[in-house]
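*Asks:* Okay, so here is input.pdb, and as you'll see once you scroll down, it has PDB, C-alpha atoms.
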```
ATOM      1  CA  MET P   1     -21.773   1.603 -21.738  1.00  0.00           C
ATOM      2  CA  THR P   2     -19.814   4.112 -19.701  1.00  0.00           C
ATOM      3  CA  ASP P   3     -16.067   4.614 -19.961  1.00  0.00           C
ATOM      4  CA  ARG P   4     -15.662   3.252 -16.428  1.00  0.00           C
ATOM      5  CA  GLU P   5     -17.540   0.059 -17.287  1.00  0.00           C
ATOM      6  CA  LEU P   6     -15.440  -0.478 -20.398  1.00  0.00           C
ATOM      7  CA  ILE P   7     -12.221   0.119 -18.464  1.00  0.00           C
ATOM      8  CA  ARG P   8     -13.422  -2.305 -15.775  1.00  0.00           C
ATOM      9  CA  ALA P   9     -13.946  -4.937 -18.501  1.00  0.00           C
ATOM     10  CA  ALA P  10     -10.393  -4.325 -19.752  1.00  0.00           C
ATOM     11  CA  PHE P  11      -9.022  -4.849 -16.230  1.00  0.00           C
ATOM     12  CA  ALA P  12     -10.956  -8.131 -15.982  1.00  0.00           C
ATOM     13  CA  ALA P  13      -9.558  -9.249 -19.347  1.00  0.00           C
ATOM     14  CA  ARG P  14      -6.023  -8.407 -18.206  1.00  0.00           C
ATOM     15  CA  GLU P  15      -6.369 -11.040 -15.469  1.00  0.00           C
ATOM     16  CA  LYS P  16      -6.423 -13.714 -18.195  1.00  0.00           C
ATOM     17  CA  ALA P  17      -3.240 -12.555 -19.954  1.00  0.00           C
ATOM     18  CA  TYR P  18      -0.555 -15.104 -20.743  1.00  0.00           C
ATOM     19  CA  ALA P  19       2.756 -13.251 -20.520  1.00  0.00           C
ATOM     20  CA  PRO P  20       5.439 -15.570 -19.097  1.00  0.00           C
ATOM     21  CA  TYR P  21       8.240 -13.899 -21.072  1.00  0.00           C
ATOM     22  CA  SER P  22       7.672 -10.162 -20.590  1.00  0.00           C
ATOM     23  CA  GLY P  23       5.575 -10.282 -17.431  1.00  0.00           C
ATOM     24  CA  PHE P  24       3.597  -7.357 -18.906  1.00  0.00           C
ATOM     25  CA  LEU P  25      -0.125  -8.093 -18.669  1.00  0.00           C
ATOM     26  CA  VAL P  26      -2.502  -6.233 -20.985  1.00  0.00           C
ATOM     27  CA  GLY P  27      -6.278  -6.242 -21.220  1.00  0.00           C
ATOM     28  CA  ALA P  28      -8.580  -4.633 -23.761  1.00  0.00           C
ATOM     29  CA  ALA P  29     -12.331  -4.154 -24.080  1.00  0.00           C
ATOM     30  CA  LEU P  30     -13.765  -3.146 -27.451  1.00  0.00           C
ATOM     31  CA  LEU P  31     -17.255  -1.642 -27.697  1.00  0.00           C
ATOM     32  CA  ALA P  32     -19.093  -2.400 -30.931  1.00  0.00           C
ATOM     33  CA  LYS P  33     -21.642   0.063 -32.285  1.00  0.00           C
ATOM     34  CA  ASP P  34     -24.355  -2.530 -31.638  1.00  0.00           C
ATOM     35  CA  GLY P  35     -23.535  -2.433 -27.898  1.00  0.00           C
ATOM     36  CA  ARG P  36     -21.637  -5.702 -27.627  1.00  0.00           C
ATOM     37  CA  VAL P  37     -18.310  -5.706 -25.773  1.00  0.00           C
ATOM     38  CA  PHE P  38     -15.440  -7.932 -26.839  1.00  0.00           C
ATOM     39  CA  THR P  39     -12.505  -8.446 -24.512  1.00  0.00           C
ATOM     40  CA  GLY P  40      -8.986  -9.619 -25.129  1.00  0.00           C
ATOM     41  CA  CYS P  41      -5.687 -10.140 -23.384  1.00  0.00           C
ATOM     42  CA  ASN P  42      -2.160 -10.459 -24.636  1.00  0.00           C
ATOM     43  CA  VAL P  43      -1.051 -14.009 -25.394  1.00  0.00           C
ATOM     44  CA  GLU P  44       2.709 -14.422 -25.658  1.00  0.00           C
ATOM     45  CA  ASN P  45       4.532 -17.228 -27.409  1.00  0.00           C
ATOM     46  CA  ALA P  46       8.073 -18.564 -27.087  1.00  0.00           C
ATOM     47  CA  SER P  47       8.709 -17.546 -30.708  1.00  0.00           C
ATOM     48  CA  TYR P  48       7.816 -13.930 -29.778  1.00  0.00           C
ATOM     49  CA  SER P  49       6.576 -13.034 -33.273  1.00  0.00           C
ATOM     50  CA  ALA P  50       3.548 -15.293 -32.766  1.00  0.00           C
ATOM     51  CA  THR P  51       2.474 -13.190 -29.779  1.00  0.00           C
ATOM     52  CA  CYS P  52      -0.901 -11.455 -30.084  1.00  0.00           C
ATOM     53  CA  CYS P  53      -1.671  -8.176 -28.331  1.00  0.00           C
ATOM     54  CA  ALA P  54      -4.824  -7.686 -26.260  1.00  0.00           C
ATOM     55  CA  GLU P  55      -6.281  -5.175 -28.718  1.00  0.00           C
ATOM     56  CA  ARG P  56      -6.008  -7.520 -31.685  1.00  0.00           C
ATOM     57  CA  THR P  57      -7.328 -10.427 -29.621  1.00  0.00           C
ATOM     58  CA  ALA P  58     -10.458  -8.377 -28.831  1.00  0.00           C
ATOM     59  CA  LEU P  59     -10.731  -7.151 -32.420  1.00  0.00           C
ATOM     60  CA  PHE P  60     -10.373 -10.613 -33.944  1.00  0.00           C
ATOM     61  CA  LYS P  61     -12.945 -12.045 -31.523  1.00  0.00           C
ATOM     62  CA  ALA P  62     -15.343  -9.259 -32.503  1.00  0.00           C
ATOM     63  CA  VAL P  63     -14.858  -9.704 -36.233  1.00  0.00           C
ATOM     64  CA  SER P  64     -15.227 -13.484 -35.896  1.00  0.00           C
ATOM     65  CA  GLU P  65     -18.607 -12.838 -34.230  1.00  0.00           C
ATOM     66  CA  GLY P  66     -19.756 -10.545 -37.048  1.00  0.00           C
ATOM     67  CA  ALA P  67     -19.031  -7.108 -35.558  1.00  0.00           C
ATOM     68  CA  ARG P  68     -17.490  -4.691 -38.044  1.00  0.00           C
ATOM     69  CA  GLU P  69     -18.107  -1.221 -36.544  1.00  0.00           C
ATOM     70  CA  PHE P  70     -16.774   0.026 -33.231  1.00  0.00           C
ATOM     71  CA  GLU P  71     -17.124   3.070 -30.977  1.00  0.00           C
ATOM     72  CA  LYS P  72     -14.260   2.773 -28.524  1.00  0.00           C
ATOM     73  CA  ILE P  73     -11.677   0.536 -26.951  1.00  0.00           C
ATOM     74  CA  ALA P  74     -10.269   0.566 -23.414  1.00  0.00           C
ATOM     75  CA  LEU P  75      -6.718  -0.593 -22.779  1.00  0.00           C
ATOM     76  CA  VAL P  76      -4.875  -1.318 -19.519  1.00  0.00           C
ATOM     77  CA  GLY P  77      -1.468  -2.785 -18.846  1.00  0.00           C
ATOM     78  CA  ALA P  78       1.056  -3.279 -16.060  1.00  0.00           C
ATOM     79  CA  LEU P  79       3.839  -5.588 -15.002  1.00  0.00           C
ATOM     80  CA  LYS P  80       2.591  -8.659 -13.164  1.00  0.00           C
ATOM     81  CA  GLY P  81       1.913  -7.855  -9.517  1.00  0.00           C
ATOM     82  CA  GLN P  82       2.250  -4.104 -10.000  1.00  0.00           C
ATOM     83  CA  VAL P  83      -0.215  -1.219 -10.231  1.00  0.00           C
ATOM     84  CA  ASN P  84      -0.353   0.864 -13.405  1.00  0.00           C
ATOM     85  CA  GLN P  85       2.051   3.796 -13.150  1.00  0.00           C
ATOM     86  CA  GLU P  86       1.659   4.910 -16.760  1.00  0.00           C
ATOM     87  CA  ILE P  87      -0.929   4.488 -19.479  1.00  0.00           C
ATOM     88  CA  THR P  88      -0.468   1.713 -22.017  1.00  0.00           C
ATOM     89  CA  ALA P  89      -0.955   2.758 -25.628  1.00  0.00           C
ATOM     90  CA  PRO P  90      -1.606   0.378 -28.533  1.00  0.00           C
ATOM     91  CA  CYS P  91       1.420  -0.679 -30.568  1.00  0.00           C
ATOM     92  CA  GLY P  92       1.672   0.309 -34.228  1.00  0.00           C
ATOM     93  CA  VAL P  93       0.361  -3.007 -35.539  1.00  0.00           C
ATOM     94  CA  CYS P  94      -2.706  -2.763 -33.291  1.00  0.00           C
ATOM     95  CA  ARG P  95      -3.304   0.856 -34.289  1.00  0.00           C
ATOM     96  CA  GLN P  96      -3.408  -0.146 -37.941  1.00  0.00           C
ATOM     97  CA  ALA P  97      -5.582  -3.217 -37.285  1.00  0.00           C
ATOM     98  CA  LEU P  98      -8.069  -1.094 -35.306  1.00  0.00           C
ATOM     99  CA  TYR P  99      -8.030   1.574 -38.046  1.00  0.00           C
ATOM    100  CA  GLU P 100      -9.316  -1.023 -40.512  1.00  0.00           C
ATOM    101  CA  PHE P 101     -12.634  -1.183 -38.646  1.00  0.00           C
ATOM    102  CA  GLY P 102     -12.751   1.935 -36.459  1.00  0.00           C
ATOM    103  CA  GLY P 103     -11.110   4.551 -38.637  1.00  0.00           C
ATOM    104  CA  PRO P 104      -9.713   7.799 -37.265  1.00  0.00           C
ATOM    105  CA  GLU P 105     -12.755   8.484 -35.048  1.00  0.00           C
ATOM    106  CA  LEU P 106     -12.442   5.363 -32.872  1.00  0.00           C
ATOM    107  CA  LEU P 107     -12.009   6.470 -29.252  1.00  0.00           C
ATOM    108  CA  VAL P 108      -9.071   4.901 -27.419  1.00  0.00           C
ATOM    109  CA  LEU P 109      -9.196   4.932 -23.610  1.00  0.00           C
ATOM    110  CA  MET P 110      -5.754   4.297 -22.102  1.00  0.00           C
ATOM    111  CA  ALA P 111      -6.269   3.797 -18.384  1.00  0.00           C
ATOM    112  CA  LYS P 112      -4.319   3.591 -15.159  1.00  0.00           C
ATOM    113  CA  SER P 113      -7.601   3.101 -13.294  1.00  0.00           C
ATOM    114  CA  GLU P 114     -11.328   3.569 -13.856  1.00  0.00           C
ATOM    115  CA  ASP P 115     -10.953   7.228 -12.905  1.00  0.00           C
ATOM    116  CA  ASP P 116      -7.502   8.007 -14.310  1.00  0.00           C
ATOM    117  CA  TYR P 117      -7.305   7.646 -18.070  1.00  0.00           C
ATOM    118  CA  VAL P 118      -6.456   9.442 -21.280  1.00  0.00           C
ATOM    119  CA  GLN P 119      -8.882   9.455 -24.202  1.00  0.00           C
ATOM    120  CA  MET P 120      -7.702  10.042 -27.754  1.00  0.00           C
ATOM    121  CA  LYS P 121      -9.089   9.406 -31.205  1.00  0.00           C
ATOM    122  CA  LEU P 122      -7.274   6.717 -33.157  1.00  0.00           C
ATOM    123  CA  GLY P 123      -6.489   9.293 -35.854  1.00  0.00           C
ATOM    124  CA  GLN P 124      -4.403  11.172 -33.279  1.00  0.00           C
ATOM    125  CA  LEU P 125      -2.467   7.996 -32.435  1.00  0.00           C
ATOM    126  CA  LEU P 126      -2.110   7.005 -36.099  1.00  0.00           C
ATOM    127  CA  PRO P 127      -2.366  10.196 -38.163  1.00  0.00           C
ATOM    128  CA  LEU P 128      -1.563   8.570 -41.501  1.00  0.00           C
ATOM    129  CA  GLY P 129      -3.539   5.361 -41.048  1.00  0.00           C
ATOM    130  CA  PHE P 130      -5.267   3.787 -44.008  1.00  0.00           C
ATOM    131  CA  GLY P 131      -8.147   1.453 -44.604  1.00  0.00           C
ATOM    132  CA  PRO P 132      -9.947  -0.347 -47.396  1.00  0.00           C
ATOM    133  CA  SER P 133     -11.152   2.901 -48.957  1.00  0.00           C
ATOM    134  CA  ASN P 134      -7.524   3.912 -49.551  1.00  0.00           C
ATOM    135  CA  LEU P 135      -6.816   0.852 -51.656  1.00  0.00           C
ATOM    136  CA  SER P 136      -7.705   0.715 -55.318  1.00  0.00           C
ATOM    137  CA  GLY P 137      -9.223  -2.136 -57.221  1.00  0.00           C
ATOM    138  CA  GLU P 138     -12.296  -4.314 -56.887  1.00  0.00           C
ATOM    139  CA  ASN P 139     -10.383  -7.148 -55.136  1.00  0.00           C
ATOM    140  CA  ASN P 140      -9.218  -4.916 -52.285  1.00  0.00           C
ATOM    141  CA  ARG P 141     -12.639  -4.187 -50.841  1.00  0.00           C
ATOM    142  CA  PRO P 142     -13.686  -6.023 -47.676  1.00  0.00           C
ATOM    143  CA  LEU P 143     -16.621  -8.403 -47.889  1.00  0.00           C
TER
END
```
Kindly return the structure encoded in the file as structure tokens.
*Replies:*
Amino acid sequence: MTDRELIRAAFAAREKAYAPYSGFLVGAALLAKDGRVFTGCNVENASYSATCCAERTALFKAVSEGAREFEKIALVGALKGQVNQEITAPCGVCRQALYEFGGPELLVLMAKSEDDYVQMKLGQLLPLGFGPSNLSGENNRPL
């Protein structure tokens, strides 16, 4: 799958966002190493802390379908009714959640459009991230 196709999938996912409080719509498309694409949008909640970001929505959908290894994720965001003026980067919680399965080499595409995007490795966005291999003990290993 090309970067443009993945970004296009993220834009399509953004159309489904539920963001009545912030008005900031986000879409994500996560490419698994087996070629499957999992999309997600942000889903806000009146309690705010129960809100789930687009990246984690895509990640949790993927993991629930058995995917555990990923190549890249595309992310787009903008205020409702507006065109992207800046890239949208994953929040800290999403960076750590993605690190669990993608590690520092996961490519993150942060796009304004299909042709205007920044690509970085997750390790650049989260230089001191950690995963299961950093934890000690038999009970801390993922199944």
*Asks:* Give me the residues within 12 Å of P:Glu65 as a PyMOL selection string, counting only C-alpha atoms and dropping any in the same chain fewer than 4 places off.
*Replies:* chain P and resi 32+36-38+58-61+69
*Asks:* Counting only C-alpha atoms, I want the residues whose atoms come within 10 Å of (1.6, -4.1, -13.5) in the file frame, returned as a ChimeraX atom specification.
*Replies:* /P:14,23-26,76-86,112
*Asks:* What does the distance between atom CA of P:Ala28 and atom CA of P:Leu128 come to in Å, to one decimal place?
*Replies:* 23.2 Å
*Asks:* Between atom CA of P:Tyr18 and atom CA of P:Val43, measure the distance and give it in Å to one decimal.
*Replies:* 4.8 Å
*Asks:* Can you pull out every residue within 7 Å of stretch 87-104 of chain P, counting all atoms listed in the file, but drop anything in the same chain fewer than 6 positions away, and send it as an MDAnalysis selection string?
*Replies:* chainID P and resid 55:56 68:70 75:77 110:112 121:123 126 129:132
*Asks:* By how many Å are atom CA of P:Asn42 and atom CA of P:Tyr21 apart?
*Replies:*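 Between atom CA of P:Asn42 and atom CA of P:Tyr21 the gap is 11.5 Å.
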*Asks:* Nearest to P:Ala67 among P:Ser133, P:Asp34, P:Ala29, P:Ser49, with distances taken over only C-alpha atoms: which residue is it?
*Replies:*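 Looking at the shortest contact to P:Ala67, the residue is P:Asp34.
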*Asks:* For this structure, which residues satisfy the selection - the PyMOL selection byres ((chain P and resi 40) around 6) - when it is evaluated on the file as given? I want them as a PyMOL selection string.
*Replies:* chain P and resi 13+27-28+39+41+54+57-58
*Asks:* Find the residue from P:Val108, P:Phe11, P:Ala17, P:Arg4 that sits nearest to P:Cys52; use only C-alpha atoms when measuring.
*Replies:*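 The closest residue to P:Cys52 is P:Ala17.
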*Asks:* I want to know what sits within 9 Å of P:Glu114, based on all atoms listed in the file, with residues of the same chain fewer than 3 positions away left out; could you give that as number ranges by chain?
*Replies:* P: 3-8, 111, 117
*Asks:* So that I can see what lies close to stretch 44-46 of chain P, please list as a compact mmCIF listing (two decimals) with C-alpha atoms, in the coordinates of the input the residues with an atom at most 6 Å from it, counting all atoms listed in the file and leaving out residues fewer than 2 positions away in the same chain.
*Replies:*
```txt
# COMPACT_ATOMS: atom_id res chain seq x y z
CA TYR P 18 -0.56 -15.10 -20.74
CA ALA P 19 2.76 -13.25 -20.52
CA TYR P 48 7.82 -13.93 -29.78
CA ALA P 50 3.55 -15.29 -32.77
CA THR P 51 2.47 -13.19 -29.78
```
